[in-house]
file query26.tsv (TSV, C-alpha atoms)
chain	number	residue	atom	x	y	z
M	1213	ALA	CA	7.53	-70.71	-55.53
M	1214	GLN	CA	11.12	-71.28	-54.53
M	1215	LYS	CA	11.37	-71.57	-50.78
M	1216	VAL	CA	15.16	-71.44	-50.61
M	1217	THR	CA	17.27	-69.35	-52.97
M	1218	GLN	CA	21.02	-69.33	-53.45
M	1219	THR	CA	21.94	-66.72	-56.03
M	1220	GLN	CA	25.68	-67.43	-56.17
M	1221	THR	CA	26.24	-70.32	-58.55
M	1222	SER	CA	29.99	-70.44	-58.00
M	1223	ILE	CA	32.68	-68.75	-55.94
M	1224	SER	CA	36.44	-69.03	-56.17
M	1225	VAL	CA	38.76	-68.05	-53.31
M	1226	VAL	CA	42.38	-68.42	-52.33
M	1227	GLU	CA	43.03	-70.78	-49.46
M	1228	LYS	CA	43.26	-69.42	-45.90
M	1229	THR	CA	40.83	-66.62	-46.71
M	1230	THR	CA	37.23	-66.19	-45.54
M	1231	VAL	CA	34.25	-66.80	-47.79
M	1232	THR	CA	30.57	-66.04	-47.32
M	1233	MET	CA	27.79	-67.84	-49.17
M	1234	ASP	CA	24.35	-66.31	-49.34
M	1235	CYS	CA	20.95	-67.89	-48.86
M	1236	VAL	CA	17.47	-66.44	-48.52
M	1237	TYR	CA	14.36	-68.38	-47.64
M	1238	GLU	CA	10.65	-67.96	-47.65
M	1239	THR	CA	8.24	-69.26	-45.04
M	1240	ARG	CA	5.10	-68.27	-43.20
M	1241	ASP	CA	5.89	-70.45	-40.22
M	1242	SER	CA	6.99	-68.71	-37.03
M	1243	SER	CA	9.23	-71.66	-36.19
M	1244	TYR	CA	11.61	-73.20	-38.71
M	1245	PHE	CA	15.06	-74.71	-39.04
M	1246	LEU	CA	17.87	-73.79	-41.40
M	1247	PHE	CA	20.72	-76.01	-42.50
M	1248	TRP	CA	23.85	-75.99	-44.58
M	1249	TYR	CA	25.11	-79.11	-46.26
M	1250	LYS	CA	28.18	-79.79	-48.34
M	1251	GLN	CA	28.34	-82.13	-51.33
M	1252	THR	CA	31.82	-83.35	-52.14
M	1253	ALA	CA	33.13	-84.39	-55.53
M	1254	SER	CA	32.32	-88.02	-54.69
M	1255	GLY	CA	28.65	-87.05	-54.31
M	1256	GLU	CA	28.50	-87.47	-50.56
M	1257	ILE	CA	26.23	-84.93	-48.83
M	1258	VAL	CA	27.43	-83.98	-45.38
M	1259	PHE	CA	25.60	-81.95	-42.75
M	1260	LEU	CA	27.61	-78.93	-41.62
M	1261	ILE	CA	25.65	-76.61	-39.37
M	1262	ARG	CA	22.13	-75.57	-38.45
M	1263	GLN	CA	20.25	-72.59	-37.05
M	1264	ASP	CA	16.93	-72.84	-35.24
M	1265	SER	CA	14.76	-69.81	-35.95
M	1266	TYR	CA	14.02	-69.10	-32.30
M	1267	LYS	CA	17.71	-68.77	-31.43
M	1268	LYS	CA	19.16	-65.30	-31.68
M	1269	GLU	CA	22.77	-66.36	-31.41
M	1270	ASN	CA	24.47	-67.32	-34.67
M	1271	ALA	CA	25.52	-70.97	-34.80
M	1272	THR	CA	29.22	-71.85	-35.01
M	1273	VAL	CA	30.84	-75.22	-35.63
M	1274	GLY	CA	34.58	-75.39	-36.20
M	1275	HIS	CA	35.47	-73.01	-39.02
M	1276	TYR	CA	31.83	-72.73	-40.12
M	1277	SER	CA	29.56	-70.02	-38.79
M	1278	LEU	CA	26.22	-68.57	-39.75
M	1279	ASN	CA	25.02	-65.04	-40.28
M	1280	PHE	CA	21.34	-65.30	-39.41
M	1281	GLN	CA	19.36	-62.18	-40.27
M	1282	LYS	CA	15.79	-63.07	-39.49
M	1283	PRO	CA	14.15	-59.80	-40.65
M	1284	LYS	CA	15.78	-60.33	-44.05
M	1285	SER	CA	15.00	-64.10	-44.15
M	1286	SER	CA	18.68	-64.63	-44.73
M	1287	ILE	CA	21.08	-67.30	-43.52
M	1288	GLY	CA	24.62	-66.87	-44.78
M	1289	LEU	CA	27.37	-69.45	-44.33
M	1290	ILE	CA	30.80	-68.14	-43.42
M	1291	ILE	CA	33.88	-70.32	-43.78
M	1292	THR	CA	37.02	-68.93	-42.21
M	1293	ALA	CA	40.56	-70.04	-43.02
M	1294	THR	CA	39.42	-71.95	-46.07
M	1295	GLN	CA	41.27	-75.09	-47.10
M	1296	ILE	CA	41.60	-76.83	-50.45
M	1297	GLU	CA	39.38	-79.63	-49.16
M	1298	ASP	CA	36.55	-77.15	-48.59
M	1299	SER	CA	36.06	-77.18	-52.35
M	1300	ALA	CA	32.55	-78.57	-52.84
M	1301	VAL	CA	28.97	-77.60	-53.58
M	1302	TYR	CA	27.23	-76.03	-50.60
M	1303	PHE	CA	23.49	-76.33	-50.15
M	1304	CYS	CA	21.26	-74.25	-47.95
M	1305	ALA	CA	18.08	-75.95	-46.73
M	1306	MET	CA	15.03	-75.16	-44.66
M	1307	ARG	CA	12.56	-77.22	-42.71
M	1308	GLU	CA	9.32	-75.57	-41.70
M	1309	GLY	CA	8.05	-75.98	-38.18
M	1310	ARG	CA	4.91	-78.00	-38.84
M	1311	GLU	CA	5.73	-81.16	-36.93
M	1312	ASN	CA	4.25	-83.69	-39.30
M	1313	TYR	CA	5.73	-82.24	-42.43
M	1314	ASN	CA	9.33	-83.19	-41.93
M	1315	VAL	CA	10.84	-82.31	-45.27
M	1316	LEU	CA	13.84	-80.20	-46.19
M	1317	TYR	CA	13.67	-77.71	-49.03
M	1318	PHE	CA	17.03	-77.17	-50.67
M	1319	GLY	CA	18.52	-74.27	-52.55
M	1320	SER	CA	20.22	-74.81	-55.89
M	1321	GLY	CA	23.71	-74.88	-54.41
M	1322	THR	CA	26.86	-72.77	-54.59
M	1323	LYS	CA	30.02	-74.32	-55.95
M	1324	LEU	CA	33.05	-73.27	-53.95
M	1325	THR	CA	36.53	-73.64	-55.36
M	1326	VAL	CA	39.44	-73.05	-53.02
M	1327	GLU	CA	42.71	-72.52	-54.85
M	1328	PRO	CA	46.26	-72.61	-53.52
I	557	GLU	CA	31.41	-92.00	-41.28
I	558	THR	CA	28.57	-93.35	-43.43
I	559	ALA	CA	25.57	-94.67	-41.59
I	560	VAL	CA	23.08	-94.58	-44.45
I	561	PHE	CA	23.86	-97.26	-47.00
I	562	GLN	CA	22.55	-97.40	-50.54
I	563	THR	CA	22.77	-100.09	-53.19
I	564	PRO	CA	23.47	-100.18	-56.04
I	565	ASN	CA	25.66	-97.11	-56.43
I	566	TYR	CA	25.20	-97.10	-60.17
I	567	HIS	CA	22.70	-98.67	-62.53
I	568	VAL	CA	22.17	-98.50	-66.28
I	569	THR	CA	18.93	-99.77	-67.73
I	570	GLN	CA	16.64	-99.45	-70.69
I	571	VAL	CA	13.40	-97.53	-70.98
I	572	GLY	CA	10.47	-99.54	-69.66
I	573	ASN	CA	12.45	-101.72	-67.25
I	574	GLU	CA	11.82	-101.96	-63.53
I	575	VAL	CA	14.49	-100.75	-61.12
I	576	SER	CA	14.86	-100.92	-57.36
I	577	PHE	CA	17.21	-99.04	-55.07
I	578	ASN	CA	17.82	-100.18	-51.53
I	579	CYS	CA	18.55	-98.09	-48.48
I	580	LYS	CA	19.43	-99.00	-44.93
I	581	GLN	CA	20.26	-96.72	-42.01
I	582	THR	CA	22.00	-97.71	-38.80
I	583	LEU	CA	21.35	-94.50	-36.89
I	584	GLY	CA	18.18	-95.72	-35.23
I	585	HIS	CA	16.19	-92.90	-36.83
I	586	ASP	CA	12.44	-93.19	-37.22
I	587	THR	CA	12.05	-91.41	-40.55
I	588	MET	CA	13.57	-92.02	-43.96
I	589	TYR	CA	13.45	-90.12	-47.23
I	590	TRP	CA	14.18	-90.34	-50.89
I	591	TYR	CA	15.46	-87.29	-52.73
I	592	LYS	CA	16.13	-86.92	-56.43
I	593	GLN	CA	19.10	-84.89	-57.63
I	594	ASP	CA	18.97	-83.94	-61.28
I	595	SER	CA	21.76	-83.05	-63.67
I	596	LYS	CA	21.68	-79.44	-62.45
I	597	LYS	CA	22.27	-80.63	-58.88
I	598	LEU	CA	18.77	-79.65	-57.77
I	599	LEU	CA	17.63	-81.72	-54.79
I	600	LYS	CA	13.94	-82.45	-54.53
I	601	ILE	CA	12.02	-84.51	-52.03
I	602	MET	CA	10.21	-87.53	-53.38
I	603	PHE	CA	9.00	-89.34	-50.27
I	604	SER	CA	9.09	-88.97	-46.53
I	605	TYR	CA	8.22	-92.11	-44.56
I	606	ASN	CA	8.05	-93.34	-41.01
I	607	ASN	CA	6.14	-96.29	-39.66
I	608	LYS	CA	3.03	-94.19	-39.32
I	609	GLN	CA	2.98	-91.86	-42.23
I	610	LEU	CA	3.94	-91.71	-45.87
I	611	ILE	CA	4.13	-88.29	-47.40
I	612	VAL	CA	4.43	-88.18	-51.12
I	613	ASN	CA	5.53	-85.20	-53.14
I	614	GLU	CA	2.59	-84.69	-55.45
I	615	THR	CA	4.89	-84.12	-58.42
I	616	VAL	CA	6.32	-87.65	-58.23
I	617	PRO	CA	5.01	-89.89	-61.04
I	618	ARG	CA	3.02	-92.96	-60.00
I	619	ARG	CA	5.65	-95.31	-61.38
I	620	PHE	CA	7.74	-94.47	-58.31
I	621	SER	CA	6.88	-96.21	-55.05
I	622	PRO	CA	8.61	-96.51	-51.67
I	623	GLN	CA	8.79	-99.89	-49.95
I	624	SER	CA	9.67	-100.39	-46.31
I	625	SER	CA	10.04	-103.53	-44.22
I	626	ASP	CA	10.99	-101.73	-41.01
I	627	LYS	CA	12.13	-98.32	-39.86
I	628	ALA	CA	15.74	-98.99	-40.84
I	629	HIS	CA	14.98	-99.79	-44.48
I	630	LEU	CA	13.35	-97.81	-47.25
I	631	ASN	CA	13.62	-98.99	-50.82
I	632	LEU	CA	12.60	-97.17	-53.97
I	633	ARG	CA	10.97	-98.99	-56.85
I	634	ILE	CA	10.50	-97.55	-60.31
I	635	LYS	CA	8.03	-99.63	-62.28
I	636	SER	CA	8.76	-98.61	-65.84
I	637	VAL	CA	11.65	-96.19	-66.16
I	638	GLU	CA	11.60	-93.19	-68.47
I	639	PRO	CA	14.59	-91.21	-69.81
I	640	GLU	CA	13.81	-88.33	-67.45
I	641	ASP	CA	14.31	-90.65	-64.50
I	642	SER	CA	18.06	-90.49	-65.11
I	643	ALA	CA	19.36	-88.85	-61.95
I	644	VAL	CA	21.01	-89.53	-58.62
I	645	TYR	CA	18.65	-90.86	-55.99
I	646	LEU	CA	19.63	-90.02	-52.45
I	647	CYS	CA	18.33	-91.76	-49.38
I	648	ALA	CA	18.37	-89.97	-46.03
I	649	SER	CA	17.21	-90.50	-42.48
I	650	SER	CA	16.43	-88.39	-39.44
I	651	TRP	CA	14.31	-88.17	-36.34
I	652	ARG	CA	10.80	-87.04	-37.13
I	653	VAL	CA	10.83	-84.32	-34.53
I	654	GLY	CA	13.49	-82.11	-33.04
I	655	GLY	CA	14.67	-80.04	-35.95
I	656	ASN	CA	15.23	-82.84	-38.33
I	657	THR	CA	18.90	-82.93	-39.32
I	658	LEU	CA	19.09	-85.28	-42.28
I	659	TYR	CA	21.89	-87.75	-42.83
I	660	PHE	CA	22.40	-88.86	-46.42
I	661	GLY	CA	23.61	-91.95	-48.17
I	662	GLU	CA	26.12	-91.72	-50.99
I	663	GLY	CA	23.49	-91.89	-53.68
I	664	SER	CA	22.42	-94.24	-56.44
I	665	ARG	CA	23.00	-93.01	-59.97
I	666	LEU	CA	20.46	-94.18	-62.51
I	667	ILE	CA	21.07	-93.93	-66.24
I	668	VAL	CA	18.18	-94.76	-68.53
I	669	VAL	CA	19.10	-95.47	-72.14
call {"tool": "encode", "arguments": {"input": "query26.tsv", "output": "structure tokens"}}
result
Amino acid sequence: AQKVTQTQTSISVVEKTTVTMDCVYETRDSSYFLFWYKQTASGEIVFLIRQDSYKKENATVGHYSLNFQKPKSSIGLIITATQIEDSAVYFCAMREGRENYNVLYFGSGTKLTVEP
Amino acid sequence: ETAVFQTPNYHVTQVGNEVSFNCKQTLGHDTMYWYKQDSKKLLKIMFSYNNKQLIVNETVPRRFSPQSSDKAHLNLRIKSVEPEDSAVYLCASSWRVGGNTLYFGEGSRLIVV
């Protein structure tokens, strides 16, 4: 069964606007970690932001922020004031809390295109 | 700035040949990984390895094997490549504990003809 699901395959926005990318996850662990990564056109995968399940406050880093809705098993990525260089594929990922099983499960990605 | 280095970046080979990809990380992490990214961009874990434990994704064919000389290096060997092995192989590293943010290399693209 898919542990991490991204239903939006692609999104197109005009620069300087705000975009939200959806992600839902599935786990039985009470403690888990959620991540968003970005893959640029060159193939490089870059870590953006994370949310630890025990934290109630939504994480924010620069113009990235998260909308963590634990009861809905949802972790949305919000990018404000989008720029052309934000165009990339965005992956949501989850790591379950079992200490010795240190693997990330990735969603299928959402391709973001930011147009002038 | 890249701190996980992979070589080669690109490799074309014929069915049945042996291939090796090398990975080195300079972050001082204790755990390294290999992920496979297919043509649909799906990322799937192949191996997770630190100096104490190798965890293998049970779906990985036996012709794939990780090789490590120390905690900063994790290579990937494919004994006899098949057409379905064509993909991008991504190396990553992290700390084993503490939430496990992964840092990726730039990938090694394999094309099997």
call {"tool": "atom_distance", "arguments": {"input": "query26.tsv", "atom1": "CA of Met1306 in chain M", "atom2": "CA of Gly1319 in chain M"}}
result
8.7 Å
call {"tool": "interface_residues", "arguments": {"input": "query26.tsv", "of": "chain M", "to": "chain I", "cutoff": "12 Å", "atoms": "all atoms listed in the file", "output": "CSV table (one decimal) with C-alpha atoms, in the coordinates of the input"}}
result
chain,number,residue,atom,x,y,z
M,1214,GLN,CA,11.1,-71.3,-54.5
M,1215,LYS,CA,11.4,-71.6,-50.8
M,1216,VAL,CA,15.2,-71.4,-50.6
M,1217,THR,CA,17.3,-69.4,-53.0
M,1218,GLN,CA,21.0,-69.3,-53.4
M,1221,THR,CA,26.2,-70.3,-58.6
M,1243,SER,CA,9.2,-71.7,-36.2
M,1244,TYR,CA,11.6,-73.2,-38.7
M,1245,PHE,CA,15.1,-74.7,-39.0
M,1246,LEU,CA,17.9,-73.8,-41.4
M,1247,PHE,CA,20.7,-76.0,-42.5
M,1248,TRP,CA,23.8,-76.0,-44.6
M,1249,TYR,CA,25.1,-79.1,-46.3
M,1250,LYS,CA,28.2,-79.8,-48.3
M,1251,GLN,CA,28.3,-82.1,-51.3
M,1252,THR,CA,31.8,-83.4,-52.1
M,1253,ALA,CA,33.1,-84.4,-55.5
M,1254,SER,CA,32.3,-88.0,-54.7
M,1255,GLY,CA,28.6,-87.0,-54.3
M,1256,GLU,CA,28.5,-87.5,-50.6
M,1257,ILE,CA,26.2,-84.9,-48.8
M,1258,VAL,CA,27.4,-84.0,-45.4
M,1259,PHE,CA,25.6,-82.0,-42.8
M,1260,LEU,CA,27.6,-78.9,-41.6
M,1261,ILE,CA,25.6,-76.6,-39.4
M,1262,ARG,CA,22.1,-75.6,-38.4
M,1263,GLN,CA,20.2,-72.6,-37.0
M,1264,ASP,CA,16.9,-72.8,-35.2
M,1265,SER,CA,14.8,-69.8,-36.0
M,1266,TYR,CA,14.0,-69.1,-32.3
M,1301,VAL,CA,29.0,-77.6,-53.6
M,1302,TYR,CA,27.2,-76.0,-50.6
M,1303,PHE,CA,23.5,-76.3,-50.2
M,1304,CYS,CA,21.3,-74.2,-48.0
M,1305,ALA,CA,18.1,-76.0,-46.7
M,1306,MET,CA,15.0,-75.2,-44.7
M,1307,ARG,CA,12.6,-77.2,-42.7
M,1308,GLU,CA,9.3,-75.6,-41.7
M,1309,GLY,CA,8.0,-76.0,-38.2
M,1310,ARG,CA,4.9,-78.0,-38.8
M,1311,GLU,CA,5.7,-81.2,-36.9
M,1312,ASN,CA,4.2,-83.7,-39.3
M,1313,TYR,CA,5.7,-82.2,-42.4
M,1314,ASN,CA,9.3,-83.2,-41.9
M,1315,VAL,CA,10.8,-82.3,-45.3
M,1316,LEU,CA,13.8,-80.2,-46.2
M,1317,TYR,CA,13.7,-77.7,-49.0
M,1318,PHE,CA,17.0,-77.2,-50.7
M,1319,GLY,CA,18.5,-74.3,-52.6
M,1320,SER,CA,20.2,-74.8,-55.9
M,1321,GLY,CA,23.7,-74.9,-54.4
M,1322,THR,CA,26.9,-72.8,-54.6
M,1323,LYS,CA,30.0,-74.3,-56.0
call {"tool": "atom_distance", "arguments": {"input": "query26.tsv", "atom1": "CA of Pro639 in chain I", "atom2": "CA of Ser625 in chain I"}}
result
28.8 Å
call {"tool": "residues_near_point", "arguments": {"input": "query26.tsv", "point": "(40.5, -76.0, -46.8)", "cutoff": "10 Å", "atoms": "all atoms listed in the file", "output": "PyMOL selection string"}}
result
chain M and resi 1226-1229+1275+1291-1299+1325-1328
call {"tool": "atom_distance", "arguments": {"input": "query26.tsv", "atom1": "CA of Asp1234 in chain M", "atom2": "CA of Lys1282 in chain M"}}
result
13.4 Å
call {"tool": "residues_around", "arguments": {"input": "query26.tsv", "residues": "Phe1280 in chain M", "least_positions_apart": "4", "cutoff": "10 Å", "atoms": "all atoms listed in the file", "output": "PyMOL selection string"}}
result
chain M and resi 1235-1236+1246+1263-1265+1267-1271+1284-1289
call {"tool": "residues_near_point", "arguments": {"input": "query26.tsv", "point": "(15.6, -103.3, -60.6)", "cutoff": "12 Å", "atoms": "only C-alpha atoms", "output": "short mmCIF file (atom, residue, chain, number, x, y, z; two decimals) with C-alpha atoms, keeping the file's coordinate frame"}}
result
data_model
loop_
_atom_site.label_atom_id
_atom_site.label_comp_id
_atom_site.auth_asym_id
_atom_site.auth_seq_id
_atom_site.Cartn_x
_atom_site.Cartn_y
_atom_site.Cartn_z
CA THR I 563 22.77 -100.09 -53.19
CA PRO I 564 23.47 -100.18 -56.04
CA TYR I 566 25.20 -97.10 -60.17
CA HIS I 567 22.70 -98.67 -62.53
CA VAL I 568 22.17 -98.50 -66.28
CA THR I 569 18.93 -99.77 -67.73
CA GLN I 570 16.64 -99.45 -70.69
CA GLY I 572 10.47 -99.54 -69.66
CA ASN I 573 12.45 -101.72 -67.25
CA GLU I 574 11.82 -101.96 -63.53
CA VAL I 575 14.49 -100.75 -61.12
CA SER I 576 14.86 -100.92 -57.36
CA PHE I 577 17.21 -99.04 -55.07
CA ASN I 578 17.82 -100.18 -51.53
CA ASN I 631 13.62 -98.99 -50.82
CA LEU I 632 12.60 -97.17 -53.97
CA ARG I 633 10.97 -98.99 -56.85
CA ILE I 634 10.50 -97.55 -60.31
CA LYS I 635 8.03 -99.63 -62.28
CA SER I 636 8.76 -98.61 -65.84
CA VAL I 637 11.65 -96.19 -66.16
CA LEU I 666 20.46 -94.18 -62.51
CA VAL I 668 18.18 -94.76 -68.53
#
call {"tool": "decode", "arguments": {"input": "query26.tsv", "residues": "range 633-645 of chain I", "atoms": "N, CA, C and O atoms", "output": "JSON list (two decimals), in the first residue's frame"}}
result
[["chain", "number", "residue", "atom", "x", "y", "z"],
["I", 633, "ARG", "N", 26.83, -2.32, -6.69],
["I", 633, "ARG", "CA", 27.25, -3.19, -7.78],
["I", 633, "ARG", "C", 26.04, -3.92, -8.35],
["I", 633, "ARG", "O", 25.19, -4.42, -7.61],
["I", 634, "ILE", "N", 25.99, -3.96, -9.67],
["I", 634, "ILE", "CA", 24.95, -4.74, -10.36],
["I", 634, "ILE", "C", 25.68, -5.80, -11.15],
["I", 634, "ILE", "O", 26.43, -5.49, -12.09],
["I", 635, "LYS", "N", 25.43, -7.05, -10.80],
["I", 635, "LYS", "CA", 26.21, -8.15, -11.36],
["I", 635, "LYS", "C", 25.95, -8.37, -12.84],
["I", 635, "LYS", "O", 26.87, -8.50, -13.64],
["I", 636, "SER", "N", 24.76, -8.44, -13.25],
["I", 636, "SER", "CA", 24.41, -8.75, -14.63],
["I", 636, "SER", "C", 23.17, -7.92, -14.98],
["I", 636, "SER", "O", 22.05, -8.32, -14.67],
["I", 637, "VAL", "N", 23.40, -6.78, -15.60],
["I", 637, "VAL", "CA", 22.30, -5.82, -15.75],
["I", 637, "VAL", "C", 21.23, -6.33, -16.70],
["I", 637, "VAL", "O", 21.50, -7.06, -17.66],
["I", 638, "GLU", "N", 20.00, -5.90, -16.41],
["I", 638, "GLU", "CA", 18.83, -6.20, -17.23],
["I", 638, "GLU", "C", 18.27, -4.88, -17.77],
["I", 638, "GLU", "O", 18.52, -3.82, -17.19],
["I", 639, "PRO", "N", 17.47, -4.93, -18.81],
["I", 639, "PRO", "CA", 16.91, -3.69, -19.37],
["I", 639, "PRO", "C", 16.12, -2.87, -18.32],
["I", 639, "PRO", "O", 16.19, -1.64, -18.33],
["I", 640, "GLU", "N", 15.43, -3.56, -17.43],
["I", 640, "GLU", "CA", 14.63, -2.84, -16.43],
["I", 640, "GLU", "C", 15.48, -2.14, -15.38],
["I", 640, "GLU", "O", 14.95, -1.41, -14.53],
["I", 641, "ASP", "N", 16.78, -2.35, -15.41],
["I", 641, "ASP", "CA", 17.66, -1.65, -14.49],
["I", 641, "ASP", "C", 17.97, -0.23, -14.96],
["I", 641, "ASP", "O", 18.57, 0.55, -14.21],
["I", 642, "SER", "N", 17.57, 0.08, -16.16],
["I", 642, "SER", "CA", 17.74, 1.46, -16.65],
["I", 642, "SER", "C", 16.97, 2.41, -15.74],
["I", 642, "SER", "O", 15.76, 2.28, -15.57],
["I", 643, "ALA", "N", 17.69, 3.34, -15.15],
["I", 643, "ALA", "CA", 17.09, 4.24, -14.16],
["I", 643, "ALA", "C", 18.17, 5.21, -13.70],
["I", 643, "ALA", "O", 19.32, 5.13, -14.13],
["I", 644, "VAL", "N", 17.77, 6.09, -12.79],
["I", 644, "VAL", "CA", 18.75, 6.93, -12.09],
["I", 644, "VAL", "C", 18.92, 6.37, -10.69],
["I", 644, "VAL", "O", 17.92, 6.13, -9.98],
["I", 645, "TYR", "N", 20.15, 6.16, -10.29],
["I", 645, "TYR", "CA", 20.44, 5.64, -8.97],
["I", 645, "TYR", "C", 20.98, 6.78, -8.11],
["I", 645, "TYR", "O", 21.96, 7.44, -8.47]]
